[in-house]
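The next block holds one structure in the form of structure tokens; read it before the comments.
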Amino acid sequence: MDGERLMDDPRTELAGRLVELLAPVASRFSAGRARVRLGVNTAIHDDTAAELESFARPLWGLAPLAAGGQAVPHAELWAEGLAHGSDPAHPEYWGEPVDHDQRIVEMAAIGFALALAPERWWDPLSGPERDRLARWLLSALPRETTDNNWLFFPVLVSLGLDRVGVPYDRSLITARLDRLESFWLGDGWYADGPTERRDYYVPWAMHFYGLLYDSLTGGDRFKERAARFAGDFRHWFADDGAAVPYGRSLTYRWAQAAFWGALPYAGVDVLPWGEVKGYLLRHLRWWRERPVTGPDGLLSIGYGYPQPALAEQYNAPGSPYWSLKAYLPLALPAQHAFWTAKEEPPPDLPAVGAQPHAGAVLMRAAGDVTLLAGRQHHPWVRHGAEKYAKFAYSTRFGFSLPNGALGLEQGAYDSMLALSDDGGAHYRVREEPADPQVTTDTVRSTWHPWPDVEITTWLTAAPPWHVRTHHIRTARVLHTAEGGFAVDRDEGTDRESGPGHARVTAPAGLTGLRDLDGRRDGEIVDCLPGTNVLARRTALPVLVAQLAPGEHWLSCAVLGAPGGPEVETAWQEPPTTAHPQPHPTTTAHPTTGDRA
């Protein structure tokens with residue numbers, strides 16, 4: 001499907017795409033229909049939970065399809081599976097959930113399906129089957145969950161119970177909603193729990209579930225908050241529909257745009273429906289161009305292509321079907337204003353926008369979006385530093401993960417200042433930004449790769465460039481390598497490097513750095529295959545230097561853009577910047593490790 005072409009009948013096309021995605025799943029049901037086996041489970045939860053996940057997650061798409069009055073292929077498989085999986089006497093029984101159980105996550109999808117389309121998955125069950133399913137769902141309500149967006153899962157279960165007339169202890173749901181209130185930051189933003197994380201779990205979880213709750217209960221609290229968030233979130237999407245790849249759970253792919261589908265479902269008309277429609281449909285078309293399924297047609301673990309290294313420890317073979325949350329508008333009738341509105345092209349948004357709650361500055365140039373990051377971190381997830389704490393994330397160039405522990409080729413240190421104290425064998429990077437500050441165009445943070453090394457970094461938007469400045473105080477000799485963006489090298493590259501600069505030009509775009517202090521040399525690194533989330537093989541421009549113990553300043557201008565004469569001109573005219581003043585509270589000498 002041409003990413004630039006408007007869909008003639010988007011509702012019908014989206015329904016067809018959903019059916020196409022789920023056809024391979026339907027052939028992998030177990031004999032009792034309660035398990036779906038899509039592959040080998042290497043997640044932290046047990047195989048039964050993983051097979052329940054593969055059974056339940058398609059319902060995020062099928063329930064809206066049913067609610068919208070369209071045919072649901074193989075709906076009877078899920079109905080039979082609900083009867084058997086909730087039956088303790090059946091060999092395919094899913095088991096009663098315990099505290100913090102993955103089953104609670106997947107029970108939410110079942111609650112969602114019952115809330116939207118009970119005629120498909122409740123009415124066909126016999127009286128005893130309904131009783132067993134109700135008892136199984138009720139067992140989730142008192143269980144402890146992770147203290148973040150998981151608190152919504154029992155709430156979603158309760159919505160399904162409400163729809164089919166099953167009573168429950170409502171105080172259990174009130175307690176969840178009260179705790180979720182503590183994560184509200186204002187200005188449309190939540191934190192995902194008592195943490196610094198404000199990633200895609202804000203739109204595809206906190207707001208998405210809140211909008212479902214308001215829609216199904218007649219409330220408006222969550223609708224008002226989503227309306228405030230929409231103005232910020234649209235800055236995360238490029239003109240071609242790509243969203244900034246950032247944070248954990250990126251294998252959920254086009255769930256990135258689920259928020260845009262939840263707005264019309266909940267009747268939140270904060271933006272013109274044609275604009276909202278454009279964000280969703282451009283995003284889905286962008287994904288149609290990516291090789292995200294395997295030869296068997298199943299969605300793969302990865303982002304822009306099958307990439308198991310990107311997986312979180314909780315990702316099982318069925319995890320990518322969380323992406324089907326983006327199909328929620330299929331629940332709306334064809335006559336709804338969202339479907340009848342003409343899709344609008346991308347609006348003319350400001351070139352630079354600060355989002356302090358996210359600890360980010362977003363900049364737009366040539367239709368692309370770059371996110372400058374300085375606040376969030378998540379050491380528990382795999383590659384948490386790479387997913388949250390790089391300096392920049394790009395809709396055009398993505399970001400990279402390490403594929404080994406030795407050297408620059410294995411480390412693939414794009415958009416990072418990598419530091420080594422053993423001659424360039426092993427490197428450390430920013431993992432947990434501290435003392436973040438966001439101004440109109442700059443993100444600042446302080447970080448400590450070793451107790452006796454302190455670095456304050458300023459990231460300043462200057463579209464199409466961004467400028468990085470580092471104030472370094474070190475008690476040890478450091479080898480440094482600062483990466484620009486990594487670019488696809490498969491179709492050939494034009495490379496240029498030398499004193500103070502490094503750049504690579506390829507069909508996918510131009511990426512380069514210019515050292516503003518003239519202290520560093522440029523090099524080009526061919527990163528190991530499978531490190532970048534968008535391109536399988538990449539070339540990375542870097543600036544390298546050795547620093548003696550003491551105090552240092554490093555500054556560079558970084559360019560990442562599509563090719564063309566305008567970009568070539570921009571490359572010849574990098575921005576300049578004066579060194580900022582060190583943060584006044586950073587007073588301790590780094591050789592002691594003591595910090596004010």
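Letters A, B, ... go to the chains of the structure tokens in the order shown; residues in each chain start at 1; ligands are counted from 1 in the same order.
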
Report as JSON lines the residues of region 176-264 of chain A within 12 Å of region 524-536 of chain A, each with its shortest atom pair and distance in Å (one decimal), using only C-alpha atoms, ordered by chain and increasing residue number.
```
{"residue": "A:Ala242", "atom": "CA", "partner": "A:Leu534", "partner_atom": "CA", "distance": 11.1}
{"residue": "A:Ala243", "atom": "CA", "partner": "A:Leu534", "partner_atom": "CA", "distance": 11.9}
{"residue": "A:Val244", "atom": "CA", "partner": "A:Leu534", "partner_atom": "CA", "distance": 11.2}
{"residue": "A:Pro245", "atom": "CA", "partner": "A:Val533", "partner_atom": "CA", "distance": 8.2}
{"residue": "A:Tyr246", "atom": "CA", "partner": "A:Val533", "partner_atom": "CA", "distance": 10.3}
{"residue": "A:Gly247", "atom": "CA", "partner": "A:Val533", "partner_atom": "CA", "distance": 12.0}
{"residue": "A:Leu250", "atom": "CA", "partner": "A:Val533", "partner_atom": "CA", "distance": 9.3}
{"residue": "A:Thr251", "atom": "CA", "partner": "A:Val533", "partner_atom": "CA", "distance": 10.1}
{"residue": "A:Arg253", "atom": "CA", "partner": "A:Val533", "partner_atom": "CA", "distance": 11.3}
```

Legend entry - Exercise: Leu362 (chain A) partners within 9 Å, only C-alpha atoms, chain neighbours under 3 positions left out, as number ranges by chain: A: 235-236, 351-355, 369-373, 441, 461

Put those residues in a file: N, CA and C atoms, as a PDB file, in the first residue's frame.
```
ATOM      1  N   HIS A 235       3.030  16.054  18.240  1.00  0.00           N
ATOM      2  CA  HIS A 235       4.400  16.403  17.881  1.00  0.00           C
ATOM      3  C   HIS A 235       5.301  15.173  17.770  1.00  0.00           C
ATOM      4  N   TRP A 236       4.844  14.021  18.227  1.00  0.00           N
ATOM      5  CA  TRP A 236       5.647  12.806  18.188  1.00  0.00           C
ATOM      6  C   TRP A 236       5.564  12.094  16.838  1.00  0.00           C
ATOM      7  N   ALA A 351       8.487  24.238  14.784  1.00  0.00           N
ATOM      8  CA  ALA A 351       9.714  23.477  14.543  1.00  0.00           C
ATOM      9  C   ALA A 351      10.308  22.940  15.832  1.00  0.00           C
ATOM     10  N   VAL A 352      10.068  23.596  16.950  1.00  0.00           N
ATOM     11  CA  VAL A 352      10.626  23.178  18.241  1.00  0.00           C
ATOM     12  C   VAL A 352       9.538  23.276  19.293  1.00  0.00           C
ATOM     13  N   GLY A 353       9.415  22.243  20.104  1.00  0.00           N
ATOM     14  CA  GLY A 353       8.438  22.254  21.188  1.00  0.00           C
ATOM     15  C   GLY A 353       8.978  21.540  22.415  1.00  0.00           C
ATOM     16  N   ALA A 354       8.924  22.220  23.559  1.00  0.00           N
ATOM     17  CA  ALA A 354       9.383  21.621  24.815  1.00  0.00           C
ATOM     18  C   ALA A 354       8.238  20.885  25.487  1.00  0.00           C
ATOM     19  N   GLN A 355       8.523  19.710  26.050  1.00  0.00           N
ATOM     20  CA  GLN A 355       7.544  18.925  26.788  1.00  0.00           C
ATOM     21  C   GLN A 355       8.175  18.536  28.128  1.00  0.00           C
ATOM     22  N   VAL A 369      10.854  13.991  12.708  1.00  0.00           N
ATOM     23  CA  VAL A 369      10.809  14.404  14.109  1.00  0.00           C
ATOM     24  C   VAL A 369      12.011  13.815  14.834  1.00  0.00           C
ATOM     25  N   THR A 370      12.653  14.652  15.640  1.00  0.00           N
ATOM     26  CA  THR A 370      13.733  14.209  16.524  1.00  0.00           C
ATOM     27  C   THR A 370      13.361  14.579  17.945  1.00  0.00           C
ATOM     28  N   LEU A 371      13.473  13.618  18.846  1.00  0.00           N
ATOM     29  CA  LEU A 371      13.215  13.842  20.257  1.00  0.00           C
ATOM     30  C   LEU A 371      14.540  13.925  20.998  1.00  0.00           C
ATOM     31  N   LEU A 372      14.781  15.027  21.674  1.00  0.00           N
ATOM     32  CA  LEU A 372      15.952  15.205  22.522  1.00  0.00           C
ATOM     33  C   LEU A 372      15.562  14.861  23.949  1.00  0.00           C
ATOM     34  N   ALA A 373      16.251  13.893  24.550  1.00  0.00           N
ATOM     35  CA  ALA A 373      15.808  13.296  25.809  1.00  0.00           C
ATOM     36  C   ALA A 373      16.771  13.617  26.939  1.00  0.00           C
ATOM     37  N   ASP A 441      14.038  25.248  24.347  1.00  0.00           N
ATOM     38  CA  ASP A 441      14.683  24.522  23.253  1.00  0.00           C
ATOM     39  C   ASP A 441      15.794  23.594  23.728  1.00  0.00           C
ATOM     40  N   ALA A 461      17.925  22.216  20.510  1.00  0.00           N
ATOM     41  CA  ALA A 461      17.346  22.097  19.171  1.00  0.00           C
ATOM     42  C   ALA A 461      17.704  23.311  18.331  1.00  0.00           C
TER      43      ALA A 461
END
```

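If only C-alpha atoms are the atoms counted, then among A:Val504, A:Gln70, A:Trp184, A:Phe229 the closest residue to Pro203 (chain A) is A:Phe229.
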
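Proximity of A:Ala108, A:Leu62, A:Ala31, A:Leu125 to Ala140 (chain A), computed with only C-alpha atoms, is greatest for A:Ala108.
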
Legend entry - Counting only C-alpha atoms, the residue of A:Glu432, A:Glu289, A:Asp232, A:Glu343 that sits nearest Glu196 (chain A):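 With only C-alpha atoms as the atom set, the closest residue is A:Glu432.
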
Legend entry - Backbone-only DSSP, strand (DSSP E) members of region 372-517 of chain A, as a PyMOL selection string: chain A and resi 372-373+392-394+417-420+434-438+442-450+453-462+465-474+478-483+487-488+494-498+501-506+509-515

Legend entry - A:Leu114, A:Ser394, A:Lys387, A:Leu177 ranked by distance to Phe237 (chain A), top pick (using only C-alpha atoms):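 Looking only at the distances to Phe237 (chain A), the closest residue turns out to be A:Ser394.
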
Legend entry - Long-range neighbours of Tyr213 (chain A) as a ChimeraX atom specification, 9 Å cut-off, only C-alpha atoms, 4 positions minimum in chain: /A:155-156,159,208-209,217-219,222

Legend entry - helix (DSSP H, G or I) call set, DSSP backbone run, region 163-261 of chain A, as JSON, numbers by chain: {"A": [163, 170, 171, 172, 173, 174, 175, 176, 177, 178, 179, 180, 181, 201, 202, 203, 204, 205, 206, 207, 208, 209, 210, 211, 212, 213, 214, 215, 216, 217, 221, 222, 223, 224, 225, 226, 227, 228, 229, 230, 231, 232, 233, 234, 235, 236, 250, 251, 252, 253, 254, 255, 256, 257, 258, 259, 260, 261]}

For Ala66 (chain A): contacts at 8 Å, only C-alpha atoms, fewer than 6 positions along chain excluded, given as a PDB file with all heavy atoms, in the first residue's frame:
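result_11.pdb, freshly written:
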```pdb
ATOM      1  N   VAL A  72     -16.981 -11.275  11.998  1.00  0.00           N
ATOM      2  CA  VAL A  72     -15.791 -11.633  12.764  1.00  0.00           C
ATOM      3  C   VAL A  72     -15.409 -13.059  12.414  1.00  0.00           C
ATOM      4  O   VAL A  72     -16.045 -14.011  12.889  1.00  0.00           O
ATOM      5  CB  VAL A  72     -16.040 -11.513  14.279  1.00  0.00           C
ATOM      6  CG1 VAL A  72     -14.780 -11.886  15.053  1.00  0.00           C
ATOM      7  CG2 VAL A  72     -16.481 -10.102  14.628  1.00  0.00           C
ATOM      8  N   LEU A 116     -17.569  -4.754  24.887  1.00  0.00           N
ATOM      9  CA  LEU A 116     -17.927  -4.242  23.568  1.00  0.00           C
ATOM     10  C   LEU A 116     -18.861  -5.161  22.800  1.00  0.00           C
ATOM     11  O   LEU A 116     -19.717  -4.675  22.048  1.00  0.00           O
ATOM     12  CB  LEU A 116     -16.658  -4.000  22.736  1.00  0.00           C
ATOM     13  CG  LEU A 116     -16.153  -2.552  22.730  1.00  0.00           C
ATOM     14  CD1 LEU A 116     -15.695  -2.145  24.114  1.00  0.00           C
ATOM     15  CD2 LEU A 116     -15.032  -2.375  21.699  1.00  0.00           C
ATOM     16  N   ALA A 117     -18.719  -6.462  22.961  1.00  0.00           N
ATOM     17  CA  ALA A 117     -19.486  -7.382  22.100  1.00  0.00           C
ATOM     18  C   ALA A 117     -19.884  -8.646  22.857  1.00  0.00           C
ATOM     19  O   ALA A 117     -19.450  -9.746  22.529  1.00  0.00           O
ATOM     20  CB  ALA A 117     -18.680  -7.727  20.853  1.00  0.00           C
ATOM     21  N   ARG A 120     -21.137 -11.821  21.038  1.00  0.00           N
ATOM     22  CA  ARG A 120     -20.206 -12.726  20.357  1.00  0.00           C
ATOM     23  C   ARG A 120     -19.566 -13.715  21.318  1.00  0.00           C
ATOM     24  O   ARG A 120     -19.296 -14.857  20.929  1.00  0.00           O
ATOM     25  CB  ARG A 120     -19.097 -11.909  19.688  1.00  0.00           C
ATOM     26  CG  ARG A 120     -19.543 -11.078  18.514  1.00  0.00           C
ATOM     27  CD  ARG A 120     -19.819 -11.950  17.301  1.00  0.00           C
ATOM     28  NE  ARG A 120     -20.101 -11.137  16.132  1.00  0.00           N
ATOM     29  CZ  ARG A 120     -20.340 -11.628  14.920  1.00  0.00           C
ATOM     30  NH1 ARG A 120     -20.296 -12.938  14.748  1.00  0.00           N
ATOM     31  NH2 ARG A 120     -20.602 -10.823  13.921  1.00  0.00           N
ATOM     32  N   ALA A 331     -15.112   0.051  15.950  1.00  0.00           N
ATOM     33  CA  ALA A 331     -16.349  -0.049  16.716  1.00  0.00           C
ATOM     34  C   ALA A 331     -17.347   1.038  16.343  1.00  0.00           C
ATOM     35  O   ALA A 331     -18.544   0.923  16.656  1.00  0.00           O
ATOM     36  CB  ALA A 331     -16.043   0.020  18.215  1.00  0.00           C
TER      37      ALA A 331
END
```

Inset, instruction - Measuring atom to atom with only C-alpha atoms, identify which of A:Pro379, A:Gly384, A:Gly359, A:Gly404 is nearest to Ala311 (chain A). - result: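 Looking only at the distances to Ala311 (chain A), the closest residue turns out to be A:Gly384.
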
Inset, instruction - Grab the CA of Arg198 (chain A) to CA of Arg234 (chain A) distance for me, in Å with one decimal place. - result: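 So the answer is 15.1 Å.
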
Inset, instruction - Identify, on the basis of only C-alpha atoms, every residue whose closest approach to Arg228 (chain A) does not exceed 12 Å; exclude the query and any residue fewer than 5 positions from it along the same chain; express the result as a ChimeraX atom specification. - result: /A:185-190,203,207,221-223,233-234,263,268-271

Legend entry - Shell of 7 Å around Ala341 (chain A), only C-alpha atoms, local chain residues under 2 positions omitted, as a list in words: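 Answer for this query is Trp273, Gly274, Ala337, Phe338, Trp339 and Glu343 of chain A.
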
Inset, instruction - Tell me which protein, DNA and RNA residues are within 8 Å of Asp239 (chain A), counting only C-alpha atoms, leaving out same-chain ones fewer than 6 positions away, and put them as an MDAnalysis selection string. - result: chainID A and resid 346 367:368

Selection file, N, CA, C and O atoms, as an mmCIF file, in the first residue's frame:
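again.cif written:
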```
data_model
loop_
_atom_site.group_PDB
_atom_site.id
_atom_site.type_symbol
_atom_site.label_atom_id
_atom_site.label_comp_id
_atom_site.auth_asym_id
_atom_site.auth_seq_id
_atom_site.Cartn_x
_atom_site.Cartn_y
_atom_site.Cartn_z
ATOM 1 N N PRO A 346 -0.693 16.535 7.198
ATOM 2 C CA PRO A 346 -0.067 16.959 8.463
ATOM 3 C C PRO A 346 -0.160 18.463 8.641
ATOM 4 O O PRO A 346 0.078 19.229 7.705
ATOM 5 N N GLY A 367 9.904 17.336 7.587
ATOM 6 C CA GLY A 367 8.884 16.330 7.852
ATOM 7 C C GLY A 367 9.252 15.299 8.883
ATOM 8 O O GLY A 367 8.402 14.501 9.294
ATOM 9 N N ASP A 368 10.516 15.258 9.313
ATOM 10 C CA ASP A 368 10.966 14.293 10.313
ATOM 11 C C ASP A 368 10.845 14.880 11.714
ATOM 12 O O ASP A 368 10.797 16.101 11.897
#
```

Legend entry - Length of the CA of Tyr427 (chain A) to CA of Leu478 (chain A) vector [Å]: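 CA of Tyr427 (chain A) sits 9.7 Å away from CA of Leu478 (chain A).
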
Legend entry - Pick from A:Asn148, A:Ser54, A:Ser139, A:Thr174 nearest to Leu161 (chain A), counting only C-alpha atoms: A:Ser139
